[in-house]
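K.L.:
Contents of model-v8.txt (compact mmCIF, C-alpha atoms and all ligand atoms) are given next:
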# COMPACT_ATOMS: atom_id res chain seq x y z
CA MET A 1 -80.54 46.65 -17.01
CA THR A 2 -83.87 47.18 -15.29
CA GLU A 3 -86.45 44.70 -14.03
CA ASP A 4 -88.40 44.85 -17.29
CA ALA A 5 -85.41 43.22 -19.06
CA LEU A 6 -85.39 40.24 -16.72
CA GLU A 7 -87.59 37.95 -18.79
CA ASP A 8 -85.11 38.09 -21.71
CA VAL A 9 -82.10 38.06 -19.40
CA LEU A 10 -83.30 34.95 -17.54
CA ARG A 11 -84.01 33.12 -20.80
CA ILE A 12 -80.42 33.74 -21.95
CA GLU A 13 -79.03 33.01 -18.47
CA ASN A 14 -80.80 29.63 -18.33
CA LEU A 15 -79.52 28.70 -21.80
CA SER A 16 -75.97 29.77 -20.93
CA PHE A 17 -74.98 28.35 -17.55
CA PRO A 18 -75.19 25.00 -15.74
CA GLN A 19 -75.88 26.92 -12.49
CA PRO A 20 -77.85 29.95 -13.71
CA TRP A 21 -78.64 32.98 -11.57
CA THR A 22 -82.24 33.22 -10.36
CA ARG A 23 -84.53 36.23 -10.72
CA GLY A 24 -83.93 36.93 -7.02
CA LEU A 25 -80.18 37.15 -7.54
CA PHE A 26 -80.58 39.73 -10.31
CA VAL A 27 -83.02 41.76 -8.21
CA GLN A 28 -80.55 41.66 -5.31
CA GLU A 29 -77.91 43.16 -7.62
CA PHE A 30 -80.26 46.04 -8.55
CA ARG A 31 -80.32 46.95 -4.85
CA ASN A 32 -76.58 46.61 -4.35
CA PRO A 33 -74.92 50.06 -4.48
CA VAL A 34 -71.61 48.70 -5.88
CA SER A 35 -73.34 46.70 -8.61
CA TYR A 36 -73.93 47.75 -12.23
CA ALA A 37 -75.71 45.89 -15.02
CA PHE A 38 -75.85 46.70 -18.73
CA ILE A 39 -77.80 45.15 -21.57
CA GLU A 40 -76.89 45.21 -25.24
CA LYS A 41 -79.66 45.40 -27.81
CA VAL A 42 -79.27 44.41 -31.45
CA ASP A 43 -81.33 44.55 -34.61
CA PHE A 44 -81.83 40.96 -35.72
CA GLU A 45 -84.02 39.97 -38.67
CA GLY A 46 -85.79 43.33 -38.57
CA ARG A 47 -86.53 43.22 -34.86
CA GLU A 48 -84.79 44.72 -31.83
CA ARG A 49 -83.69 42.07 -29.36
CA LEU A 50 -81.81 41.92 -26.13
CA GLY A 51 -78.63 40.19 -27.29
CA ALA A 52 -76.34 40.24 -24.26
CA TYR A 53 -75.92 41.49 -20.71
CA ILE A 54 -73.25 41.99 -18.09
CA VAL A 55 -73.30 42.42 -14.31
CA PHE A 56 -70.27 43.81 -12.49
CA TRP A 57 -69.14 45.47 -9.29
CA ILE A 58 -66.84 48.40 -8.73
CA VAL A 59 -65.28 48.22 -5.26
CA ALA A 60 -62.34 50.30 -4.03
CA GLY A 61 -60.83 50.80 -7.48
CA GLU A 62 -61.35 47.20 -8.56
CA GLY A 63 -63.82 45.98 -11.14
CA HIS A 64 -65.34 42.49 -10.78
CA ILE A 65 -67.24 40.96 -13.68
CA LEU A 66 -69.83 38.62 -12.14
CA ASP A 67 -72.01 37.56 -15.03
CA ILE A 68 -71.96 37.97 -18.81
CA ALA A 69 -73.83 36.05 -21.47
CA VAL A 70 -74.88 36.37 -25.09
CA ASP A 71 -78.04 34.90 -26.64
CA PRO A 72 -76.92 31.56 -28.17
CA GLU A 73 -78.45 32.60 -31.52
CA LEU A 74 -76.32 35.75 -31.59
CA ARG A 75 -72.89 34.42 -30.64
CA ARG A 76 -69.66 34.93 -32.62
CA MET A 77 -70.96 38.28 -33.87
CA GLY A 78 -68.79 40.40 -31.58
CA LEU A 79 -71.51 41.23 -29.02
CA ALA A 80 -69.49 40.14 -25.99
CA LEU A 81 -66.40 41.93 -27.23
CA ARG A 82 -68.36 45.16 -27.69
CA LEU A 83 -70.15 44.91 -24.34
CA ILE A 84 -66.98 44.19 -22.38
CA ALA A 85 -65.05 46.94 -24.18
CA PHE A 86 -67.84 49.38 -23.25
CA THR A 87 -67.79 48.11 -19.65
CA LEU A 88 -63.99 48.42 -19.39
CA ASP A 89 -64.16 52.02 -20.63
CA PHE A 90 -66.90 52.72 -18.06
CA MET A 91 -64.78 51.18 -15.29
CA GLU A 92 -61.66 53.06 -16.32
CA GLY A 93 -63.67 56.30 -16.31
CA ASP A 94 -64.72 55.48 -12.74
CA GLY A 95 -61.10 55.17 -11.57
CA VAL A 96 -60.80 51.38 -11.70
CA THR A 97 -57.22 50.11 -12.03
CA ASP A 98 -57.67 46.30 -12.06
CA VAL A 99 -60.52 44.11 -13.28
CA TYR A 100 -61.10 40.54 -12.05
CA LEU A 101 -63.35 37.70 -13.12
CA GLU A 102 -63.73 33.96 -12.67
CA VAL A 103 -64.20 31.52 -15.48
CA ARG A 104 -64.76 27.76 -15.57
CA ARG A 105 -61.62 25.88 -16.57
CA SER A 106 -63.56 24.16 -19.40
CA ASN A 107 -64.98 27.43 -20.81
CA ALA A 108 -62.57 27.75 -23.72
CA ALA A 109 -64.73 30.33 -25.53
CA ALA A 110 -64.77 32.76 -22.60
CA ARG A 111 -61.08 32.24 -21.77
CA LYS A 112 -60.17 33.05 -25.38
CA LEU A 113 -62.44 36.10 -25.36
CA TYR A 114 -60.82 37.45 -22.15
CA HIS A 115 -57.27 36.73 -23.34
CA GLY A 116 -58.04 38.70 -26.48
CA LEU A 117 -59.01 41.66 -24.31
CA GLY A 118 -55.71 41.55 -22.39
CA PHE A 119 -56.80 39.55 -19.31
CA GLU A 120 -54.22 37.22 -17.75
CA GLU A 121 -54.84 34.06 -15.75
CA VAL A 122 -53.59 34.77 -12.23
CA PHE A 123 -54.60 31.78 -10.11
CA THR A 124 -57.03 28.89 -9.72
CA ARG A 125 -59.84 28.51 -7.18
CA GLU A 126 -60.14 24.77 -6.83
CA LYS A 127 -63.65 23.31 -7.18
CA TYR A 128 -65.07 26.86 -6.99
CA TYR A 129 -68.16 25.73 -8.93
CA GLY A 130 -68.46 22.50 -6.93
CA ASP A 131 -67.82 20.33 -9.98
CA GLU A 132 -65.08 22.43 -11.54
CA ASP A 133 -62.19 24.82 -10.86
CA ALA A 134 -62.41 28.54 -11.56
CA ILE A 135 -59.57 30.36 -13.26
CA VAL A 136 -59.25 33.88 -11.86
CA MET A 137 -58.33 36.35 -14.59
CA ARG A 138 -57.13 39.93 -14.16
CA LEU A 139 -56.75 42.93 -16.42
CA LYS A 140 -54.51 45.76 -15.25
CA PHE A 141 -55.36 48.95 -17.10
CA ALA A 142 -51.80 50.26 -16.68
CA GLU A 143 -50.45 47.19 -18.48
CA ARG A 144 -53.13 47.43 -21.16
CA VAL A 145 -51.94 50.96 -21.93
CA LEU A 146 -48.30 49.76 -22.06
CA LYS A 147 -49.24 46.87 -24.38
CA ASP A 148 -51.17 49.24 -26.68
CA SER A 149 -48.33 51.73 -26.97
C1 LIG A 201 -68.41 33.52 -23.95
C2 LIG A 201 -69.49 34.35 -24.64
C3 LIG A 201 -69.93 35.46 -23.71
C4 LIG A 201 -68.87 34.96 -25.93
O1 LIG A 201 -69.85 35.80 -26.54
P1 LIG A 201 -69.80 36.16 -28.12
O2 LIG A 201 -70.62 37.37 -28.33
O3 LIG A 201 -70.12 34.95 -28.91
O4 LIG A 201 -68.25 36.50 -28.32
P2 LIG A 201 -67.65 37.44 -29.46
O5 LIG A 201 -68.41 37.20 -30.75
O6 LIG A 201 -67.55 38.84 -28.99
O7 LIG A 201 -66.21 36.78 -29.63
C5 LIG A 201 -65.01 37.50 -29.44
C6 LIG A 201 -63.84 36.54 -29.48
O8 LIG A 201 -63.91 35.62 -28.38
C7 LIG A 201 -63.46 34.31 -28.79
N1 LIG A 201 -64.58 33.38 -28.80
C8 LIG A 201 -65.88 33.66 -28.56
N2 LIG A 201 -66.63 32.52 -28.63
C9 LIG A 201 -65.78 31.53 -28.94
C10 LIG A 201 -65.93 30.13 -29.16
N3 LIG A 201 -67.14 29.52 -29.08
N4 LIG A 201 -64.83 29.38 -29.44
C11 LIG A 201 -63.61 29.95 -29.51
N5 LIG A 201 -63.39 31.29 -29.33
C12 LIG A 201 -64.46 32.05 -29.05
C13 LIG A 201 -62.92 34.49 -30.21
O9 LIG A 201 -61.57 34.88 -30.10
C14 LIG A 201 -63.81 35.63 -30.70
O10 LIG A 201 -63.25 36.34 -31.79
P3 LIG A 201 -63.54 35.76 -33.29
O11 LIG A 201 -65.00 35.51 -33.41
O12 LIG A 201 -63.04 36.90 -34.16
O13 LIG A 201 -62.72 34.51 -33.42
C15 LIG A 201 -70.70 33.46 -25.10
O14 LIG A 201 -70.21 32.31 -25.74
C16 LIG A 201 -71.60 33.05 -23.96
O15 LIG A 201 -72.56 33.74 -23.61
N6 LIG A 201 -71.30 31.88 -23.35
C17 LIG A 201 -72.12 31.35 -22.25
C18 LIG A 201 -71.96 32.18 -21.01
C19 LIG A 201 -70.51 32.30 -20.58
O16 LIG A 201 -69.72 31.36 -20.68
N7 LIG A 201 -70.15 33.49 -20.06
C20 LIG A 201 -68.82 33.74 -19.57
C21 LIG A 201 -68.72 33.29 -18.16
S1 LIG A 201 -67.13 33.64 -17.46
Now, as a test, write the supplied structure out as structure tokens.
Ligand SMILES: CC(C)(COP(=O)(O)OP(=O)(O)OC[C@H]1O[C@@H](n2cnc3c(N)ncnc32)[C@H](O)[C@@H]1OP(=O)(O)O)[C@@H](O)C(=O)NCCC(=O)NCCS
P.N.:
Amino acid sequence: MTEDALEDVLRIENLSFPQPWTRGLFVQEFRNPVSYAFIEKVDFEGRERLGAYIVFWIVAGEGHILDIAVDPELRRMGLALRLIAFTLDFMEGDGVTDVYLEVRRSNAAARKLYHGLGFEEVFTREKYYGDEDAIVMRLKFAERVLKDS
């Protein structure tokens, strides 16, 4: 992701979250040396569009997924699955062993997506979002390998 993608990213962000990130927050991530951001483009009705994006950190062997969203018109087409799988491979290649993320308790779609990728729910941060708890989920690459074999 670069600054020229931000118009599309912010449109999707605002449609996707009750407390969306601002432009300033994304720009701050571009300057953060532990932060990475990818976009996923798709061909849709004969036109290339930014379909999804992800922002994550890699710190001391841990990956932290901070933000991921898919254009509402392009959901349930496997975009999130593909983008996270790509991100997990990137993290693993960078020596990451465990990946963490937080998800709203009510976000059944995201929780199902993460479970399908092998994430487990490890604990709850009460009222993390002010109005709602966060479920902290973790993927251990070592366990993913064991499960696959
Ligand atoms: C959650 C989100 C990223 C999923 O993106 P997506 O591209 O639609 O997801 P995929 O098509 O890759 O779905 C993969 C699997 O996740 C699960 N899933 C995704 N959306 C779902 C939904 N609305 N209801 C139930 N399960 C869902 C399903 O198991 C799905 O597999 P299936 O379609 O074969 O049943 C998208 O709904 C989104 O942007 N939501 C708003 C932002 C958000 O909540 N981000 C996560 C914050 S933690």
K.L.:
May I have the residues within 9 Å of ligand LIG 201 (chain A), computed using all atoms listed in the file, as a ChimeraX atom specification?
P.N.:
/A:12-13,15-17,51-53,65-72,74-84,101-104,107-117
K.L.:
Within 12 Å of (-66.9, 45.8, -6.6) (coordinates as in the file), grab all the protein and nucleic acid residues, counting all atoms listed in the file, and write them out as a PyMOL selection string.
P.N.:
chain A and resi 29+32-36+55-66+91+94+96-101
K.L.:
Mind pulling up the distance from atom CA of A:Glu48 to atom CA of A:Asn14?
P.N.:
20.6 Å
K.L.:
Considering only C-alpha atoms, can you say which of A:Phe30, A:Phe38, A:Trp21, A:Phe123 comes closest to A:Met137?
P.N.:
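Among the listed residues, the smallest separation from A:Met137 belongs to A:Phe123.
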K.L.:
Could you check how far atom CA of A:Gln28 sits from atom CA of A:Leu6, in Å to one decimal?
P.N.:
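Taking atom CA of A:Gln28 and atom CA of A:Leu6, their separation equals 12.5 Å.
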K.L.:
Can you write stretch 59-118 of chain A from the block above with C-alpha atoms, as a compact mmCIF listing (two decimals), in the first residue's frame?
P.N.:
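Saved the output as out_31.txt:
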# COMPACT_ATOMS: atom_id res chain seq x y z
CA VAL A 59 7.78 -7.30 16.11
CA ALA A 60 10.29 -9.67 17.71
CA GLY A 61 9.05 -12.75 15.88
CA GLU A 62 5.38 -11.95 16.39
CA GLY A 63 2.94 -10.85 13.72
CA HIS A 64 0.06 -8.53 14.65
CA ILE A 65 -2.79 -7.99 12.21
CA LEU A 66 -4.13 -4.48 12.89
CA ASP A 67 -6.57 -3.81 10.09
CA ILE A 68 -8.12 -5.83 7.25
CA ALA A 69 -11.17 -5.10 5.16
CA VAL A 70 -12.74 -6.10 1.86
CA ASP A 71 -14.91 -3.86 -0.34
CA PRO A 72 -18.52 -4.70 0.64
CA GLU A 73 -19.36 -5.34 -3.04
CA LEU A 74 -16.60 -7.95 -3.28
CA ARG A 75 -17.15 -9.99 -0.13
CA ARG A 76 -17.59 -13.79 0.03
CA MET A 77 -15.37 -14.17 -3.03
CA GLY A 78 -12.31 -15.39 -1.13
CA LEU A 79 -10.40 -12.07 -1.18
CA ALA A 80 -9.76 -11.98 2.57
CA LEU A 81 -8.73 -15.61 2.63
CA ARG A 82 -6.23 -15.03 -0.19
CA LEU A 83 -4.82 -11.82 1.30
CA ILE A 84 -4.35 -13.31 4.77
CA ALA A 85 -2.82 -16.50 3.36
CA PHE A 86 -0.34 -14.34 1.42
CA THR A 87 0.38 -12.29 4.55
CA LEU A 88 0.91 -15.40 6.70
CA ASP A 89 3.39 -16.78 4.17
CA PHE A 90 5.19 -13.41 4.17
CA MET A 91 5.32 -13.42 7.98
CA GLU A 92 6.54 -17.00 8.16
CA GLY A 93 9.27 -16.14 5.64
CA ASP A 94 10.32 -13.29 7.95
CA GLY A 95 10.76 -15.65 10.92
CA VAL A 96 7.43 -15.01 12.65
CA THR A 97 6.30 -17.83 14.95
CA ASP A 98 2.97 -16.51 16.33
CA VAL A 99 0.37 -14.18 14.84
CA TYR A 100 -2.12 -12.19 16.94
CA LEU A 101 -5.20 -10.12 16.17
CA GLU A 102 -8.21 -8.64 17.91
CA VAL A 103 -11.75 -9.01 16.71
CA ARG A 104 -15.06 -7.64 17.98
CA ARG A 105 -17.08 -10.27 19.81
CA SER A 106 -20.05 -9.61 17.48
CA ASN A 107 -17.98 -9.96 14.27
CA ALA A 108 -19.08 -13.48 13.40
CA ALA A 109 -17.84 -13.23 9.79
CA ALA A 110 -14.27 -12.37 10.80
CA ARG A 111 -14.18 -14.90 13.65
CA LYS A 112 -15.25 -17.64 11.24
CA LEU A 113 -12.68 -16.51 8.68
CA TYR A 114 -9.85 -16.62 11.26
CA HIS A 115 -10.95 -19.98 12.70
CA GLY A 116 -10.85 -21.38 9.18
CA LEU A 117 -7.23 -20.26 8.91
CA GLY A 118 -6.26 -22.02 12.14
